[in-house]
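What follows is the content of work.cif (mmCIF, C-alpha atoms).
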```cif
data_model
#
loop_
_atom_site.label_atom_id
_atom_site.label_comp_id
_atom_site.auth_asym_id
_atom_site.auth_seq_id
_atom_site.Cartn_x
_atom_site.Cartn_y
_atom_site.Cartn_z
CA MET A 950 -46.38 -12.42 28.73
CA PRO A 951 -45.23 -8.80 28.56
CA GLN A 952 -45.40 -7.31 25.11
CA PHE A 953 -42.71 -5.13 23.55
CA GLN A 954 -43.50 -1.44 23.72
CA GLN A 955 -41.60 0.84 21.39
CA PRO A 956 -39.67 3.32 23.53
CA ALA A 957 -40.97 6.87 23.54
CA CYS A 958 -37.46 8.16 22.97
CA TRP A 959 -33.92 7.08 22.18
CA ARG A 960 -31.02 8.10 24.37
CA LEU A 961 -28.00 9.39 22.49
CA GLU A 962 -24.30 9.32 23.30
CA ALA A 963 -24.29 12.82 24.82
CA GLY A 964 -27.16 11.98 27.15
CA GLY A 965 -29.92 13.81 25.22
CA GLN A 966 -33.11 12.16 23.99
CA VAL A 967 -34.61 12.08 20.51
CA MET A 968 -38.39 12.08 20.29
CA ASP A 969 -38.55 12.13 16.49
CA VAL A 970 -36.74 13.39 13.41
CA ASP A 971 -38.04 16.95 13.74
CA THR A 972 -36.79 17.13 17.33
CA ALA A 973 -33.39 15.80 16.29
CA VAL A 974 -33.06 18.42 13.58
CA LYS A 975 -34.36 21.26 15.74
CA ASP A 976 -32.02 20.38 18.63
CA GLY A 977 -29.06 20.20 16.27
CA ILE A 978 -28.25 16.56 17.11
CA LEU A 979 -27.63 15.80 13.46
CA GLY A 980 -26.06 19.17 12.74
CA GLY A 981 -26.98 21.52 9.88
CA GLY A 982 -30.69 21.53 10.55
CA ALA A 983 -31.46 23.65 7.51
CA VAL A 984 -29.80 21.16 5.18
CA ILE A 985 -31.50 18.15 6.76
CA SER A 986 -34.86 19.90 6.82
CA GLY A 987 -34.52 20.22 3.06
CA LEU A 988 -34.03 16.46 2.84
CA LEU A 989 -37.18 15.73 4.83
CA ASP A 990 -40.73 15.80 3.53
CA SER A 991 -42.58 18.70 5.14
CA LYS A 992 -45.77 16.68 5.65
CA ASP A 993 -44.74 13.53 7.48
CA GLY A 994 -41.06 14.00 8.30
CA THR A 995 -39.93 11.24 5.94
CA LEU A 996 -37.30 11.64 3.26
CA GLY A 997 -38.56 12.87 -0.09
CA THR A 998 -38.35 10.18 -2.76
CA ASP A 999 -36.96 12.56 -5.35
CA LYS A 1000 -33.91 13.33 -3.20
CA LYS A 1001 -33.50 10.03 -1.41
CA HIS A 1002 -30.23 8.17 -1.84
CA ASP A 1003 -29.68 4.51 -1.04
CA LEU A 1004 -28.36 4.40 2.52
CA LYS A 1005 -26.09 1.40 2.01
CA GLU A 1006 -24.49 2.97 -1.08
CA MET A 1007 -23.95 6.26 0.74
CA ILE A 1008 -22.24 4.50 3.66
CA GLU A 1009 -19.97 2.52 1.33
CA GLU A 1010 -18.97 5.58 -0.71
CA MET A 1011 -18.31 7.69 2.37
CA ASP A 1012 -16.36 4.90 4.00
CA SER A 1013 -14.12 4.48 0.93
CA ALA A 1014 -13.57 8.26 0.94
CA ALA A 1015 -12.85 8.27 4.71
CA GLU A 1016 -15.80 10.59 5.25
CA ALA A 1017 -17.61 8.49 7.87
CA ASP A 1018 -15.25 8.65 10.83
CA ASP A 1019 -17.50 10.61 13.21
CA VAL A 1020 -20.67 8.50 13.02
CA PRO A 1021 -22.75 8.90 16.23
CA ILE A 1022 -22.50 5.84 18.43
CA VAL A 1023 -26.28 5.45 18.43
CA PHE A 1024 -26.12 4.66 14.69
CA ILE A 1025 -23.61 1.82 15.20
CA CYS A 1026 -24.71 -1.81 15.50
CA PRO A 1027 -23.25 -3.22 18.76
CA ILE A 1028 -22.59 -6.55 17.02
CA SER A 1029 -20.75 -5.50 13.86
CA MET A 1030 -19.67 -2.02 15.02
CA GLU A 1031 -20.77 -0.74 11.59
CA PRO A 1032 -23.47 1.86 10.79
CA MET A 1033 -26.94 0.31 10.67
CA VAL A 1034 -28.94 0.24 7.43
CA ASP A 1035 -31.99 -1.66 8.71
CA PRO A 1036 -32.14 -1.10 12.50
CA VAL A 1037 -34.51 -3.28 14.54
CA THR A 1038 -35.26 -3.13 18.26
CA LEU A 1039 -35.62 -6.08 20.68
CA CYS A 1040 -37.98 -6.34 23.63
CA THR A 1041 -35.09 -5.21 25.85
CA GLY A 1042 -35.00 -1.85 24.05
CA GLN A 1043 -31.62 -2.56 22.43
CA THR A 1044 -31.28 -1.89 18.70
CA TYR A 1045 -29.24 -3.88 16.18
CA GLU A 1046 -28.79 -4.26 12.43
CA ARG A 1047 -31.47 -6.75 11.34
CA VAL A 1048 -29.16 -9.21 9.56
CA ASN A 1049 -26.76 -9.27 12.53
CA ILE A 1050 -29.33 -10.00 15.23
CA LEU A 1051 -31.05 -12.64 13.09
CA ARG A 1052 -27.69 -14.30 12.57
CA TRP A 1053 -27.22 -14.20 16.36
CA PHE A 1054 -30.61 -15.92 16.85
CA SER A 1055 -29.76 -18.52 14.18
CA THR A 1056 -27.02 -19.89 16.45
CA GLY A 1057 -29.66 -20.85 19.02
CA ARG A 1058 -29.03 -17.95 21.41
CA LEU A 1059 -32.21 -16.24 22.61
CA THR A 1060 -30.48 -13.46 24.51
CA CYS A 1061 -29.74 -9.78 24.00
CA PRO A 1062 -26.09 -9.51 22.85
CA THR A 1063 -25.51 -6.26 24.72
CA THR A 1064 -27.17 -7.00 28.08
CA MET A 1065 -27.12 -10.83 27.82
CA GLN A 1066 -30.70 -10.82 29.19
CA ASP A 1067 -32.90 -13.76 28.25
CA LEU A 1068 -35.54 -12.58 25.77
CA TRP A 1069 -39.19 -13.24 26.55
CA ASP A 1070 -40.05 -12.37 22.95
CA ASP A 1071 -37.87 -12.86 19.87
CA THR A 1072 -39.80 -10.36 17.75
CA VAL A 1073 -37.71 -7.69 16.09
CA THR A 1074 -39.43 -4.36 15.48
CA PRO A 1075 -38.23 -2.01 12.72
CA ASN A 1076 -36.90 1.17 14.29
CA ARG A 1077 -38.16 3.58 11.64
CA THR A 1078 -37.34 6.73 13.57
CA LEU A 1079 -33.71 5.71 14.02
CA HIS A 1080 -33.56 4.68 10.36
CA GLN A 1081 -34.74 8.17 9.35
CA LEU A 1082 -32.14 9.75 11.63
CA ILE A 1083 -29.36 7.62 10.16
CA HIS A 1084 -30.50 8.31 6.62
CA ALA A 1085 -30.78 12.06 7.24
CA TRP A 1086 -27.34 12.21 8.90
CA PHE A 1087 -25.62 10.33 6.09
CA SER A 1088 -27.56 12.22 3.40
CA GLN A 1089 -26.41 15.55 4.75
CA ARG A 1090 -22.77 14.52 4.79
CA TYR A 1091 -23.03 12.68 1.49
CA LEU A 1092 -24.35 15.78 -0.29
CA ARG A 1093 -21.65 17.85 1.38
CA MET A 1094 -19.04 15.34 0.18
CA MET A 1095 -20.43 15.40 -3.37
CA LYS A 1096 -20.49 19.20 -3.39
CA ARG A 1097 -16.90 19.31 -2.18
CA SER A 1098 -15.92 16.78 -4.82
CA GLU A 1099 -17.52 18.88 -7.54
CA ASP A 1100 -15.73 21.98 -6.27
CA VAL A 1101 -12.40 20.11 -6.25
CA GLU A 1102 -12.90 18.86 -9.81
CA GLY A 1103 -13.72 22.35 -10.98
CA ARG A 1104 -10.66 23.80 -9.30
CA ALA A 1105 -8.45 21.06 -10.76
CA ARG A 1106 -9.70 21.85 -14.28
CA GLU A 1107 -9.01 25.54 -13.70
CA LEU A 1108 -5.45 24.76 -12.66
CA VAL A 1109 -4.89 22.63 -15.77
CA GLN A 1110 -6.01 25.54 -17.95
CA CYS A 1111 -3.79 27.93 -15.96
CA LEU A 1112 -0.75 25.79 -16.77
CA LYS A 1113 -1.12 26.77 -20.41
CA LYS A 1114 -0.60 30.45 -19.55
CA VAL A 1115 1.39 30.96 -16.35
CA LYS A 1116 5.18 31.01 -16.17
CA GLY A 1117 7.94 31.26 -13.60
CA GLU A 1118 6.98 31.10 -9.92
CA ALA A 1119 3.27 31.21 -10.80
CA ARG A 1120 3.72 27.97 -12.75
CA VAL A 1121 5.44 26.31 -9.78
CA GLN A 1122 2.63 27.35 -7.41
CA THR A 1123 -0.04 26.14 -9.84
CA LEU A 1124 1.67 22.77 -10.11
CA LYS A 1125 1.97 22.51 -6.32
CA GLU A 1126 -1.75 23.15 -5.86
CA LEU A 1127 -2.63 20.66 -8.59
CA HIS A 1128 -0.36 18.08 -6.95
CA LYS A 1129 -2.12 18.55 -3.60
CA ILE A 1130 -5.52 18.06 -5.19
CA VAL A 1131 -4.70 14.92 -7.23
CA ALA A 1132 -2.86 13.38 -4.27
CA ALA A 1133 -5.69 14.02 -1.81
CA HIS A 1134 -8.66 13.37 -4.13
CA PRO A 1135 -8.29 10.29 -6.37
CA SER A 1136 -11.76 11.00 -7.78
CA VAL A 1137 -10.42 13.96 -9.76
CA GLU A 1138 -7.98 11.81 -11.75
CA LYS A 1139 -10.34 11.05 -14.65
CA PRO A 1140 -11.68 14.59 -15.16
CA VAL A 1141 -8.16 15.99 -14.91
CA ILE A 1142 -6.82 13.51 -17.47
CA ASP A 1143 -9.81 14.20 -19.73
CA SER A 1144 -8.86 17.89 -19.63
CA GLY A 1145 -5.55 17.05 -21.34
CA VAL A 1146 -3.25 17.41 -18.36
CA LEU A 1147 -0.87 14.62 -19.42
CA GLY A 1148 0.11 16.35 -22.63
CA ILE A 1149 0.52 19.69 -20.86
CA LEU A 1150 2.72 18.20 -18.13
CA SER A 1151 4.86 16.33 -20.64
CA SER A 1152 5.38 19.55 -22.64
CA LEU A 1153 6.77 21.22 -19.51
CA LEU A 1154 9.64 18.73 -19.30
CA GLY A 1155 12.69 19.36 -21.44
CA PRO A 1156 16.36 20.37 -21.49
CA PHE A 1157 15.58 23.92 -20.33
CA THR A 1158 13.13 23.02 -17.56
CA SER A 1159 14.12 24.20 -14.09
CA HIS A 1160 14.27 21.60 -11.34
CA ALA A 1161 11.61 23.55 -9.42
CA VAL A 1162 9.12 23.05 -12.26
CA GLY A 1163 10.33 19.56 -13.13
CA SER A 1164 9.98 18.20 -9.61
CA GLU A 1165 6.40 19.48 -9.35
CA VAL A 1166 5.50 18.07 -12.77
CA ILE A 1167 6.77 14.65 -11.73
CA ALA A 1168 4.94 14.90 -8.40
CA VAL A 1169 1.68 15.29 -10.33
CA LEU A 1170 2.51 12.60 -12.91
CA VAL A 1171 3.16 9.86 -10.35
CA ASN A 1172 -0.36 10.39 -8.99
CA LEU A 1173 -1.99 9.85 -12.40
CA SER A 1174 -2.53 6.80 -14.60
CA LEU A 1175 -0.37 7.21 -17.69
CA ASP A 1176 -1.63 5.89 -21.02
CA SER A 1177 0.73 4.45 -23.65
CA GLU A 1178 0.87 7.72 -25.60
CA ALA A 1179 1.88 9.70 -22.52
CA MET A 1180 4.53 7.15 -21.54
CA THR A 1181 6.02 7.13 -25.03
CA ASP A 1182 6.18 10.93 -24.99
CA LEU A 1183 7.82 10.97 -21.55
CA MET A 1184 10.51 8.53 -22.71
CA GLN A 1185 12.05 11.06 -25.09
CA PRO A 1186 15.81 11.33 -24.32
CA ALA A 1187 15.65 14.99 -23.26
CA LYS A 1188 12.83 14.29 -20.79
CA ILE A 1189 14.48 11.16 -19.35
CA SER A 1190 17.75 13.07 -19.00
CA LEU A 1191 15.99 15.74 -16.92
CA VAL A 1192 14.38 13.10 -14.69
CA VAL A 1193 17.76 11.42 -14.15
CA ASP A 1194 19.34 14.78 -13.26
CA MET A 1195 16.65 15.41 -10.65
CA LEU A 1196 17.06 11.87 -9.30
CA ASN A 1197 20.71 12.73 -8.66
CA GLU A 1198 20.37 16.31 -7.46
CA GLY A 1199 16.83 16.77 -6.15
CA THR A 1200 15.40 16.54 -2.64
CA THR A 1201 14.78 13.13 -1.11
CA LYS A 1202 11.08 13.36 -2.04
CA THR A 1203 11.91 14.32 -5.61
CA LYS A 1204 14.37 11.43 -5.90
CA ARG A 1205 11.71 8.96 -4.76
CA LYS A 1206 9.17 10.32 -7.24
CA CYS A 1207 11.70 10.24 -10.10
CA ALA A 1208 12.49 6.59 -9.35
CA ARG A 1209 8.80 5.76 -9.22
CA LEU A 1210 8.10 7.52 -12.55
CA ILE A 1211 10.94 5.70 -14.32
CA GLU A 1212 9.71 2.36 -12.98
CA VAL A 1213 6.22 3.12 -14.32
CA LEU A 1214 7.67 4.01 -17.74
CA MET A 1215 9.52 0.68 -17.82
CA GLY A 1216 6.14 -1.03 -17.99
CA ALA A 1217 5.33 0.60 -21.34
CA GLU A 1218 5.20 -1.54 -24.48
CA SER A 1219 7.46 0.96 -26.23
CA PHE A 1220 10.13 0.79 -23.48
CA ARG A 1221 13.73 0.22 -24.63
CA PHE A 1222 16.41 -0.80 -22.14
CA GLU A 1223 18.75 1.92 -23.44
CA ILE A 1224 16.53 4.43 -21.66
CA VAL A 1225 17.75 3.24 -18.24
CA SER A 1226 21.27 2.17 -19.15
CA SER A 1227 23.00 5.47 -18.29
CA LEU A 1228 25.63 5.23 -15.58
CA SER A 1229 24.31 8.50 -14.15
CA LEU A 1230 20.97 6.82 -13.36
CA LEU A 1231 22.57 3.70 -11.89
CA VAL A 1232 24.93 5.74 -9.70
CA GLY A 1233 22.04 7.89 -8.52
CA LEU A 1234 20.07 4.81 -7.52
CA LEU A 1235 23.02 3.43 -5.55
CA ARG A 1236 23.26 6.75 -3.70
CA MET A 1237 19.61 6.39 -2.75
CA VAL A 1238 20.20 2.83 -1.54
CA LYS A 1239 23.16 3.95 0.62
CA ASP A 1240 21.25 6.82 2.26
CA LYS A 1241 20.26 5.36 5.65
CA ARG A 1242 18.42 8.57 6.58
CA ASP A 1243 15.68 7.89 4.03
CA PRO A 1244 14.25 4.33 4.29
CA ASP A 1245 11.54 5.15 1.73
CA GLY A 1246 14.22 6.31 -0.68
CA VAL A 1247 16.16 3.09 -0.11
CA SER A 1248 13.04 1.09 -0.92
CA ALA A 1249 12.29 3.15 -4.06
CA GLY A 1250 15.89 2.92 -5.27
CA LEU A 1251 16.06 -0.85 -4.77
CA SER A 1252 12.68 -1.35 -6.43
CA LEU A 1253 13.78 0.46 -9.60
CA LEU A 1254 17.23 -1.16 -9.56
CA LYS A 1255 15.57 -4.58 -9.30
CA THR A 1256 13.38 -3.80 -12.32
CA ILE A 1257 16.39 -2.53 -14.30
CA CYS A 1258 18.42 -5.61 -13.32
CA SER A 1259 15.82 -7.87 -14.92
CA HIS A 1260 17.24 -6.74 -18.28
CA ASP A 1261 20.32 -8.86 -18.99
CA GLN A 1262 21.93 -6.16 -21.13
CA ILE A 1263 22.34 -3.75 -18.19
CA ARG A 1264 23.75 -6.14 -15.56
CA SER A 1265 27.37 -5.65 -16.57
CA SER A 1266 26.96 -1.87 -16.22
CA ILE A 1267 25.53 -2.31 -12.74
CA VAL A 1268 28.48 -4.50 -11.73
CA SER A 1269 30.94 -2.00 -13.21
CA ILE A 1270 29.94 0.73 -10.73
CA ARG A 1271 30.74 -1.54 -7.75
CA ALA A 1272 27.08 -2.11 -7.01
CA VAL A 1273 27.69 -5.66 -5.72
CA ALA A 1274 29.96 -4.64 -2.83
CA GLN A 1275 27.69 -1.72 -1.88
CA LEU A 1276 24.58 -3.88 -1.85
CA VAL A 1277 26.26 -6.65 0.15
CA GLU A 1278 27.37 -4.14 2.78
CA ARG A 1279 23.78 -2.82 3.13
CA LEU A 1280 22.16 -6.25 3.63
CA PRO A 1281 22.28 -6.37 7.47
CA ASP A 1282 20.56 -2.97 7.84
CA LEU A 1283 17.68 -3.37 5.39
CA SER A 1284 14.00 -3.84 6.18
CA PRO A 1285 12.51 -7.20 5.14
CA ASN A 1286 11.01 -5.87 1.89
CA SER A 1287 14.15 -4.00 0.93
CA LEU A 1288 16.29 -7.02 1.86
CA GLU A 1289 14.28 -9.18 -0.50
CA SER A 1290 14.82 -6.69 -3.33
CA ALA A 1291 18.56 -6.41 -2.64
CA LEU A 1292 19.02 -10.19 -2.58
CA GLN A 1293 17.09 -10.55 -5.84
CA ILE A 1294 19.37 -7.96 -7.46
CA LEU A 1295 22.48 -9.81 -6.24
CA ASP A 1296 21.00 -13.10 -7.42
CA ASP A 1297 20.43 -11.63 -10.89
CA LEU A 1298 23.99 -10.26 -10.96
CA ALA A 1299 25.35 -13.66 -9.89
CA ALA A 1300 24.03 -15.00 -13.20
CA ILE A 1301 26.87 -13.28 -15.11
CA PRO A 1302 30.61 -13.96 -14.69
CA ASP A 1303 31.43 -10.39 -13.65
CA GLY A 1304 28.76 -10.52 -11.00
CA ARG A 1305 30.01 -13.81 -9.54
CA SER A 1306 33.57 -12.48 -9.45
CA ALA A 1307 32.39 -9.34 -7.65
CA LEU A 1308 30.54 -11.45 -5.08
CA LYS A 1309 33.64 -13.64 -4.60
CA ASP A 1310 35.83 -10.58 -4.05
CA CYS A 1311 33.55 -9.04 -1.42
CA PRO A 1312 34.59 -10.21 2.11
CA GLN A 1313 31.07 -9.76 3.52
CA THR A 1314 29.26 -11.84 0.89
CA ILE A 1315 29.25 -15.10 2.87
CA PRO A 1316 28.28 -13.85 6.37
CA ASN A 1317 25.75 -11.28 5.12
CA THR A 1318 24.07 -13.78 2.81
CA VAL A 1319 23.97 -16.62 5.34
CA ARG A 1320 22.26 -14.43 7.94
CA PRO A 1321 18.84 -14.03 6.24
CA LEU A 1322 18.45 -17.76 5.48
CA MET A 1323 15.17 -19.02 7.05
CA LYS A 1324 14.77 -15.75 8.95
CA VAL A 1325 12.86 -13.38 6.68
CA SER A 1326 10.88 -14.94 3.84
CA GLU A 1327 10.92 -17.82 1.42
CA ALA A 1328 11.96 -15.44 -1.35
CA CYS A 1329 14.94 -14.23 0.69
CA THR A 1330 15.94 -17.82 1.39
CA ARG A 1331 15.70 -18.73 -2.30
CA HIS A 1332 17.85 -15.80 -3.45
CA ALA A 1333 20.39 -16.28 -0.65
CA LEU A 1334 20.79 -19.98 -1.50
CA SER A 1335 21.32 -19.15 -5.15
CA ILE A 1336 23.97 -16.54 -4.32
CA LEU A 1337 25.80 -18.83 -1.90
CA TRP A 1338 25.76 -21.70 -4.39
CA ALA A 1339 27.24 -19.46 -7.09
CA VAL A 1340 30.07 -18.24 -4.83
CA CYS A 1341 30.90 -21.57 -3.21
CA LYS A 1342 30.82 -23.42 -6.53
CA LEU A 1343 33.14 -20.80 -8.03
CA ALA A 1344 35.82 -21.27 -5.37
CA PRO A 1345 34.93 -24.16 -3.02
CA GLU A 1346 38.34 -24.42 -1.35
CA GLU A 1347 38.25 -20.77 -0.38
CA PHE A 1348 34.62 -20.24 0.61
CA VAL A 1349 33.14 -23.52 1.88
CA SER A 1350 35.00 -23.35 5.19
CA LEU A 1351 34.03 -19.68 5.59
CA ALA A 1352 30.40 -20.58 4.96
CA VAL A 1353 30.43 -23.41 7.51
CA GLU A 1354 32.06 -21.16 10.12
CA ALA A 1355 29.30 -18.58 9.44
CA GLY A 1356 26.65 -21.19 10.33
CA LEU A 1357 25.58 -22.10 6.80
CA ALA A 1358 25.32 -25.86 7.42
CA THR A 1359 22.91 -25.41 10.31
CA ARG A 1360 20.70 -23.09 8.24
CA LEU A 1361 20.75 -25.55 5.35
CA LEU A 1362 19.48 -28.32 7.61
CA LEU A 1363 16.66 -26.03 8.71
CA VAL A 1364 15.71 -25.48 5.07
CA ILE A 1365 15.73 -29.23 4.41
CA GLN A 1366 13.50 -29.89 7.44
CA SER A 1367 11.10 -27.03 6.70
CA ASP A 1368 8.03 -26.92 4.47
CA CYS A 1369 9.90 -25.04 1.74
CA PRO A 1370 9.28 -26.12 -1.87
CA PRO A 1371 11.15 -29.26 -3.04
CA GLU A 1372 13.46 -27.30 -5.34
CA LEU A 1373 14.73 -25.21 -2.41
CA LYS A 1374 15.30 -28.33 -0.32
CA LYS A 1375 17.20 -29.91 -3.21
CA GLN A 1376 19.41 -26.85 -3.58
CA ALA A 1377 20.03 -26.76 0.18
CA SER A 1378 20.92 -30.48 0.12
CA ASP A 1379 23.38 -30.01 -2.76
CA LEU A 1380 25.00 -27.08 -1.00
CA LEU A 1381 25.22 -29.04 2.24
CA LYS A 1382 27.06 -31.86 0.43
CA LEU A 1383 29.48 -29.34 -1.02
CA CYS A 1384 30.10 -27.92 2.46
CA SER A 1385 30.86 -31.34 3.95
CA LEU A 1386 33.51 -32.42 1.42
CA ASN A 1387 36.50 -31.07 3.34
CA TYR A 1388 35.42 -32.43 6.75
CA THR A 1389 35.17 -35.80 8.47
CA ALA A 1390 31.66 -36.70 9.59
CA THR A 1391 32.46 -36.07 13.28
CA LEU A 1392 34.13 -32.73 12.64
CA PHE A 1393 31.36 -31.61 10.30
CA ILE A 1394 28.71 -32.38 12.92
CA SER A 1395 30.64 -30.40 15.50
CA LYS A 1396 31.06 -27.49 13.07
CA CYS A 1397 27.32 -27.51 12.44
CA LYS A 1398 26.67 -27.23 16.20
CA LEU A 1399 23.84 -29.71 15.84
CA THR A 1400 21.62 -30.73 18.74
CA ARG A 1401 21.25 -34.44 19.58
CA THR A 1402 17.83 -34.53 17.91
CA MET A 1403 19.08 -32.92 14.68
CA GLN A 1404 22.05 -35.34 14.56
#
```

Translate the structure described by the file into structure tokens.
Amino acid sequence: MPQFQQPACWRLEAGGQVMDVDTAVKDGILGGGAVISGLLDSKDGTLGTDKKHDLKEMIEEMDSAAEADDVPIVFICPISMEPMVDPVTLCTGQTYERVNILRWFSTGRLTCPTTMQDLWDDTVTPNRTLHQLIHAWFSQRYLRMMKRSEDVEGRARELVQCLKKVKGEARVQTLKELHKIVAAHPSVEKPVIDSGVLGILSSLLGPFTSHAVGSEVIAVLVNLSLDSEAMTDLMQPAKISLVVDMLNEGTTKTKRKCARLIEVLMGAESFRFEIVSSLSLLVGLLRMVKDKRDPDGVSAGLSLLKTICSHDQIRSSIVSIRAVAQLVERLPDLSPNSLESALQILDDLAAIPDGRSALKDCPQTIPNTVRPLMKVSEACTRHALSILWAVCKLAPEEFVSLAVEAGLATRLLLVIQSDCPPELKKQASDLLKLCSLNYTATLFISKCKLTRTMQ
């Protein structure tokens, strides 16, 4: 029986051949030969133990940091399409990650996954040369990544210290650079926070802060984790007033960031609903929701409005600025996530008399609320049913026939026949009974446009 002979060389993606690690470094296959040579022991070409990093850990860290996108194809296991940590070679000359090929054999298949050749020998031979190449390649890039990370952290700390001194346009530019760093490098968040950046940023917000500075401060803040002390400080009336002004008058990006910051602050233990009860804030959010040119702004505005609406004390204020009619009119154009938020807001507003009256007075409430039933998500169906029940119960003579003409009865039957939770089916059944009161059985069936099977 022929015995496996370790190949004298390995063919790489570009067509070249690697005889050993030294050849790979000298020919520049791994790139940065001087760096890799420093990683290799000068006597036997293996990696020095004092500088050796765990290969699996390096791959995981680089993958999470999106630093491993250009891995040579020869380092990739053909089975998992992931970089190999323990490469082994079969008698066919094909190399795989050990755990993957053993799992392949465990299914009873004695073939080479790549060539589908029958194997005359199921021995797997450690491919030490390829392992050294993989380790050297990842080590070089890992050290480069760590060096770059250290440089970024140092620069971020410098910028934080600069903020204590610079003013005017220099302050704006410093904030912009700091924003770019914290947005692109999440790893700098802790060292930047430890350097006292939260207190410095909060001190820059106040009644005399320009919008140019304020918008950049908020851009940095929304990329950092705020502790309770920072959130309490940021909820001072003068600071919140500035944020609300920028939400109304800033660029679309600034408006989104202002909405996001306020929503974060609402999660603080020290939050008081008065902070978000100003009509200026609510009007600004509705403007964001109505702006069809900025879908992200619509989503951010609805998200914050939904959080605000969870506080009973503010619902009447939201209704007073004609939010119900404006939200109802936007329903047909919203994305699924935004539609769910809008319906939840309307459902919350339907819980108060003013909200129900506003829904009743809006001509598009019935058709625009019937449409998403059983078409988007269970949450949308639940909120839509609740809204429709509130309106139809308020004025059954006026709205039941409109609802049936809009196709409500058919949708309700779909809910009842679906795998929705029992409480939704019960609500749909009650609403269906309400819809049928003014019709004979034959007429109601015809209005529902039921198929023979559904009848």

So which residues touch Arg1209 in chain A within 9 Å, counting only C-alpha atoms, skipping near sequence neighbours fewer than 6 positions away, as a ChimeraX atom specification? /A:1171,1249-1250,1252-1253

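The interatomic distance for the pair CA of Val1353 in chain A and CA of His1332 in chain A works out to 18.3 Å.
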
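When only C-alpha atoms are used to measure the gap to Glu1347 in chain A, the shortest distance among A:Ile1142, A:Ile1130, A:Leu1251, A:Ile1315 belongs to A:Ile1315.
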
Residue nearest Ser1159 in chain A among A:Leu1112, A:Cys1207, A:Met1195, A:Ile1257 (counting only C-alpha atoms):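 Ranked by minimum distance to Ser1159 in chain A, first place goes to A:Met1195.
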
Would you compute the distance between CA of Val1048 in chain A and CA of Trp1086 in chain A? Give it in Å to one decimal.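 Between CA of Val1048 in chain A and CA of Trp1086 in chain A the gap is 21.5 Å.
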
On this file, the PyMOL selection byres ((chain A and resi 1289-1292) around 8) gives some set of residues; write that set as a ChimeraX atom specification. /A:1251-1252,1255,1276,1280,1285-1288,1293-1296,1326,1328-1329,1332-1333

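Here the question is which of A:Leu1154, A:Ala1105, A:Val1121, A:Ala1352 gets nearest to His1134 in chain A using all atoms listed in the file, and that residue is A:Ala1105.
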
For His1260 in chain A: contacts at 12 Å, all atoms listed in the file, fewer than 5 positions along chain excluded, given as a count of residues only: 18

Point-to-point distance from CA of Gln1313 in chain A to CA of Ser1284 in chain A, Å rounded to tenths: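 Pair CA of Gln1313 in chain A / CA of Ser1284 in chain A returns 18.3 Å.
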
Got a sec to resolve the PyMOL selection byres ((chain A and resi 1091) around 10) on this structure and send the residues as a PyMOL selection string? chain A and resi 1002+1004+1007-1008+1010-1011+1016-1017+1085-1090+1092-1097

Here's the selection I'm unsure about, the PyMOL selection byres ((chain A and resi 1160) around 9); applied to the file above, which residues does it give, as a compact mmCIF listing (two decimals) with C-alpha atoms, keeping the file's coordinate frame?
```txt
# COMPACT_ATOMS: atom_id res chain seq x y z
CA THR A 1158 13.13 23.02 -17.56
CA SER A 1159 14.12 24.20 -14.09
CA ALA A 1161 11.61 23.55 -9.42
CA VAL A 1162 9.12 23.05 -12.26
CA GLY A 1163 10.33 19.56 -13.13
CA SER A 1164 9.98 18.20 -9.61
CA GLU A 1165 6.40 19.48 -9.35
CA LEU A 1191 15.99 15.74 -16.92
CA ASP A 1194 19.34 14.78 -13.26
CA MET A 1195 16.65 15.41 -10.65
CA GLU A 1198 20.37 16.31 -7.46
CA GLY A 1199 16.83 16.77 -6.15
```

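Counting all atoms listed in the file, the residue from A:Ala1344, A:Leu1308, A:Val1247, A:Cys1369 that sits nearest to Leu1283 in chain A is A:Val1247.
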
If you count all atoms listed in the file, the residue of A:Asp1368, A:Gly1155, A:Gly1246, A:Ser1029 closest to Ala1187 in chain A turns out to be A:Gly1155

With all atoms listed in the file as the basis for distance, which of A:Phe1348, A:Met1323, A:Ala1355, A:Glu1107 is at the shortest distance from Lys1374 in chain A?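 Looking only at the distances to Lys1374 in chain A, the closest residue turns out to be A:Met1323.
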
Using the incomplete input, complete range 1306-1311 of chain A to the level of N, CA and C atoms; output as a short mmCIF file (atom, residue, chain, number, x, y, z; two decimals), in the frame of the given file.
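Now in part_2.cif:
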```
data_model
loop_
_atom_site.label_atom_id
_atom_site.label_comp_id
_atom_site.auth_asym_id
_atom_site.auth_seq_id
_atom_site.Cartn_x
_atom_site.Cartn_y
_atom_site.Cartn_z
N SER A 1306 32.23 -12.89 -9.88
CA SER A 1306 33.57 -12.48 -9.45
C SER A 1306 33.48 -11.37 -8.40
N ALA A 1307 32.56 -10.44 -8.61
CA ALA A 1307 32.39 -9.34 -7.65
C ALA A 1307 31.91 -9.87 -6.31
N LEU A 1308 31.01 -10.83 -6.32
CA LEU A 1308 30.54 -11.45 -5.08
C LEU A 1308 31.67 -12.19 -4.38
N LYS A 1309 32.50 -12.88 -5.16
CA LYS A 1309 33.64 -13.64 -4.60
C LYS A 1309 34.65 -12.69 -3.95
N ASP A 1310 34.83 -11.51 -4.55
CA ASP A 1310 35.83 -10.58 -4.05
C ASP A 1310 35.36 -9.76 -2.86
N CYS A 1311 34.09 -9.83 -2.55
CA CYS A 1311 33.55 -9.04 -1.42
C CYS A 1311 33.64 -9.86 -0.14
#
```
